[in-house]
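Contents: one structure, followed by commentary.
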Amino acid sequence: MKSQRKPDAIMFDVYDTLFLNDTDAWQRAFQQIAEEQGLDITGADLWKRWKKHEVGFRVWRTNMDAPETSPPFKSYETAWRECFEKVFEEDNIPGNAANAARRSVTHMAHRDPFPETVKALSELSTRVPLGVFSNADDAFLRPMLDEYGLTSKFEVVESSESAAVYKPHPRAFKHMFAAMQVEPGKAWYVGDHLYDDIRGGSEVGATAIWINRNDAKPGPGDATPAHEITSLMDLVEMFDRSK
Ligand SMILES: [Mg+2]
């Protein structure tokens with residue numbers, strides 16, 4: 001990794017960058033929803049049917065060919081409720097969509113940090129201002145960061161909900177860098193997602209760093225990161241080697 005200029009700030013994605021957010025966790029949440037509501041369906045099956053709609057929401061919400069034509073913002077809780085409404089209606093499941101969406105929000109506040117997350121952020125925060133922009137509702141993002149004592153490590157905690165726009169829309173990144181009072185060209189943005197994080201971060205001129213924990217292979221058309229790392233501790237070394 002060649003040395004480069006020290007950034008004025010390092011900003012992070014949260015889910016699957018700082019905290020593990022895997023399918024198992026989602027299916028556990030959906031199992032709880034099915035049991036609480038007495039539904040005759042497994043959590044895994046309910047999640048699979050719901051996810052089909054939720055993926056559609058993720059595609060629908062941002063038009064990167066003409067970002068300003070993207071539809072009006074809606075929170076995850078609203079979007080998730082609508083996905084539950086569709087599943088319950090099309091599959092004739094007598095569920096309560098609003099309660100199911102609320103339960104999903106509560107669950108998203110409970111994810112485990114990766115083993116090195118707290119240490120890496122503690123070390124980096126003594127060297128350079130840190131911030132967060134997560135595609136998340138504040139109702140789950142903020143309690144999760146609080147639970148692990150991480151809120152105080154960040155100068156800025158912003159979300160799609162606080163910015164009323166989702167990554168990779170350029171307005172999400174501009175909102176974040178304005179809140180951080182840093183020029184994008186002097187910041188690193190670290191994330192796990194090649195579309196949301198690397199494409200979005202690169203397009204506004206930040207140094208986009210891809211955390212690739214599972215040896216994923218980029219596909220055709222994927223954005224190219226400025227750097228690739230496998231652990232947040234790599235950032236500490238990268239920062240110390242930069243000039
Ligand atoms: Mg992520």
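Ordering of the structure tokens sets the chain letters (A, B, ...), residue numbers begin anew at 1 in every chain, and ligands are numbered from 1 in the order given.
The contact shell of ligand 1, defined as all polymer residues within 10 Å when only C-alpha atoms and all ligand atoms are used, comprises Phe12, Asp13, Val14, Tyr15, Asp16, Thr17, Leu18, Phe19, Leu20, Asn21, Phe133, Ser134, Asn135, Ala136, Val190, Gly191, Asp192, His193, Leu194, Asp196, Asp197 and Ile211 of chain A.
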Would you save the residues of that selection, restricted to N, CA and C atoms, as a compact mmCIF listing (two decimals), in the first residue's frame?
# COMPACT_ATOMS: atom_id res chain seq x y z
N PHE A 12 -16.92 6.72 8.59
CA PHE A 12 -17.23 5.30 8.48
C PHE A 12 -18.69 5.03 8.16
N ASP A 13 -18.89 3.99 7.37
CA ASP A 13 -20.17 3.28 7.32
C ASP A 13 -20.26 2.49 8.65
N VAL A 14 -21.43 2.00 9.00
CA VAL A 14 -21.57 1.30 10.29
C VAL A 14 -21.84 -0.20 10.11
N TYR A 15 -22.97 -0.54 9.44
CA TYR A 15 -23.36 -1.96 9.38
C TYR A 15 -22.45 -2.72 8.40
N ASP A 16 -21.88 -3.79 8.90
CA ASP A 16 -20.92 -4.64 8.19
C ASP A 16 -19.56 -3.96 7.96
N THR A 17 -19.41 -2.77 8.55
CA THR A 17 -18.10 -2.13 8.58
C THR A 17 -17.59 -2.10 10.02
N LEU A 18 -18.43 -1.60 10.93
CA LEU A 18 -18.08 -1.56 12.36
C LEU A 18 -18.82 -2.66 13.15
N PHE A 19 -20.02 -3.02 12.69
CA PHE A 19 -20.88 -4.01 13.36
C PHE A 19 -21.31 -5.07 12.37
N LEU A 20 -21.31 -6.32 12.81
CA LEU A 20 -21.78 -7.43 11.96
C LEU A 20 -23.30 -7.38 11.82
N ASN A 21 -23.77 -7.44 10.59
CA ASN A 21 -25.21 -7.42 10.33
C ASN A 21 -25.52 -8.51 9.32
N PHE A 133 -21.42 8.00 8.85
CA PHE A 133 -22.68 8.17 8.12
C PHE A 133 -23.20 6.78 7.78
N SER A 134 -24.36 6.47 8.33
CA SER A 134 -24.94 5.14 8.14
C SER A 134 -26.28 5.27 7.45
N ASN A 135 -26.54 4.38 6.51
CA ASN A 135 -27.90 4.25 6.01
C ASN A 135 -28.69 3.56 7.12
N ALA A 136 -29.36 4.35 7.94
CA ALA A 136 -30.01 3.81 9.15
C ALA A 136 -31.00 4.82 9.68
N VAL A 190 -14.71 4.93 4.78
CA VAL A 190 -14.47 3.50 4.90
C VAL A 190 -15.80 2.76 4.94
N GLY A 191 -15.97 1.79 4.05
CA GLY A 191 -17.22 1.04 4.06
C GLY A 191 -17.06 -0.32 3.41
N ASP A 192 -18.07 -1.17 3.62
CA ASP A 192 -18.01 -2.55 3.11
C ASP A 192 -18.71 -2.69 1.76
N HIS A 193 -19.45 -1.66 1.36
CA HIS A 193 -20.36 -1.85 0.22
C HIS A 193 -19.84 -1.09 -1.01
N LEU A 194 -19.63 -1.83 -2.10
CA LEU A 194 -19.01 -1.19 -3.29
C LEU A 194 -19.92 -0.15 -3.93
N ASP A 196 -22.92 1.49 -2.27
CA ASP A 196 -23.28 2.55 -1.32
C ASP A 196 -22.06 3.37 -0.88
N ASP A 197 -20.99 2.69 -0.57
CA ASP A 197 -19.85 3.35 0.09
C ASP A 197 -18.75 3.76 -0.88
N ILE A 211 -13.53 -2.06 3.05
CA ILE A 211 -13.21 -3.12 4.00
C ILE A 211 -13.85 -4.40 3.49
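Between CA of Asn96 (chain A) and CA of Arg28 (chain A) the interatomic distance comes to 17.8 Å.
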Rank nothing, just name the residue among A:Leu121, A:Leu141, A:Ile41, A:Leu235 nearest to Phe154 (chain A), using only C-alpha atoms.
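Between A:Leu121, A:Leu141, A:Ile41, A:Leu235, the residue approaching Phe154 (chain A) most closely is A:Leu121.
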Could you pull out all residues of region 127-243 of chain A with a DSSP call of strand (DSSP E or B) and give them as a PyMOL selection string?
chain A and resi 130-134+156-159+187-191+207-211+227-229
Contacts of Ala172 (chain A) within 8 Å, only C-alpha atoms, excl. fewer than 5 positions in-chain, as number ranges by chain
A: 160, 163, 165-167
Ranking A:Pro7, A:Phe88, A:Ala164, A:His107 by minimum distance to Arg61 (chain A) and counting only C-alpha atoms, which one comes first?
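Looking at the shortest contact to Arg61 (chain A), the residue is A:Ala164.
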Find the residues around Pro67 (chain A) up to 10 Å (only C-alpha atoms counted), leave out those fewer than 2 positions away in its own chain, and share them as an MDAnalysis selection string.
chainID A and resid 61:65 69:71 168:171
With a distance cut-off of 10 Å and only C-alpha atoms, select the neighbouring residues of Glu147 (chain A), excluding the residue or stretch itself and same-chain residues fewer than 5 positions from it, and output the selection as a PyMOL selection string.
chain A and resi 109-110+142
When you count only C-alpha atoms, which of these residues is closest to Tyr148 (chain A): A:Arg127, A:Val132, A:Gly185, A:Pro113?
A:Pro113
Out of region 111-235 of chain A, which residues get helix (DSSP H, G or I) from DSSP, as an MDAnalysis selection string?
chainID A and resid 117:125 138:147 151:153 160:163 170:180 184:186 194:203 233:235
May I have the residues within 10 Å of Val128 (chain A) as a PyMOL selection string, using only C-alpha atoms and disregarding those fewer than 2 positions away in the same chain?
chain A and resi 6-10+123-126+130-131+239
Cys83 (chain A) environment, 10 Å, only C-alpha atoms, sequence neighbours closer than 6 positions dropped, as a ChimeraX atom specification
/A:49-57,77,89,97,101
Between A:Arg102, A:Arg199, A:Arg111, A:Lys86, which is the closest to Leu46 (chain A) once you count only C-alpha atoms?
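Nearest to Leu46 (chain A): A:Lys86.
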Which residue is closest to Ala34 (chain A)? Choose from A:Val59, A:Val157, A:Thr78, A:Ile93 and count only C-alpha atoms.
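Closest to Ala34 (chain A) of all the choices is A:Ile93.
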One decimal, in Å: what's the spacing between CA of Gly201 (chain A) and CA of Gln4 (chain A)?
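Computing it gives 17.4 Å between the two atoms.
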Rounded to one decimal place, report the CA of Asn92 (chain A)-CA of Asp22 (chain A) distance in Å.
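For CA of Asn92 (chain A) relative to CA of Asp22 (chain A), the distance reads 27.6 Å.
Restricting the calculation to only C-alpha atoms, the smallest distance between Met233 (chain A) and any of A:Ser162, A:Thr151, A:Thr117, A:Gln181 is found for A:Thr117.
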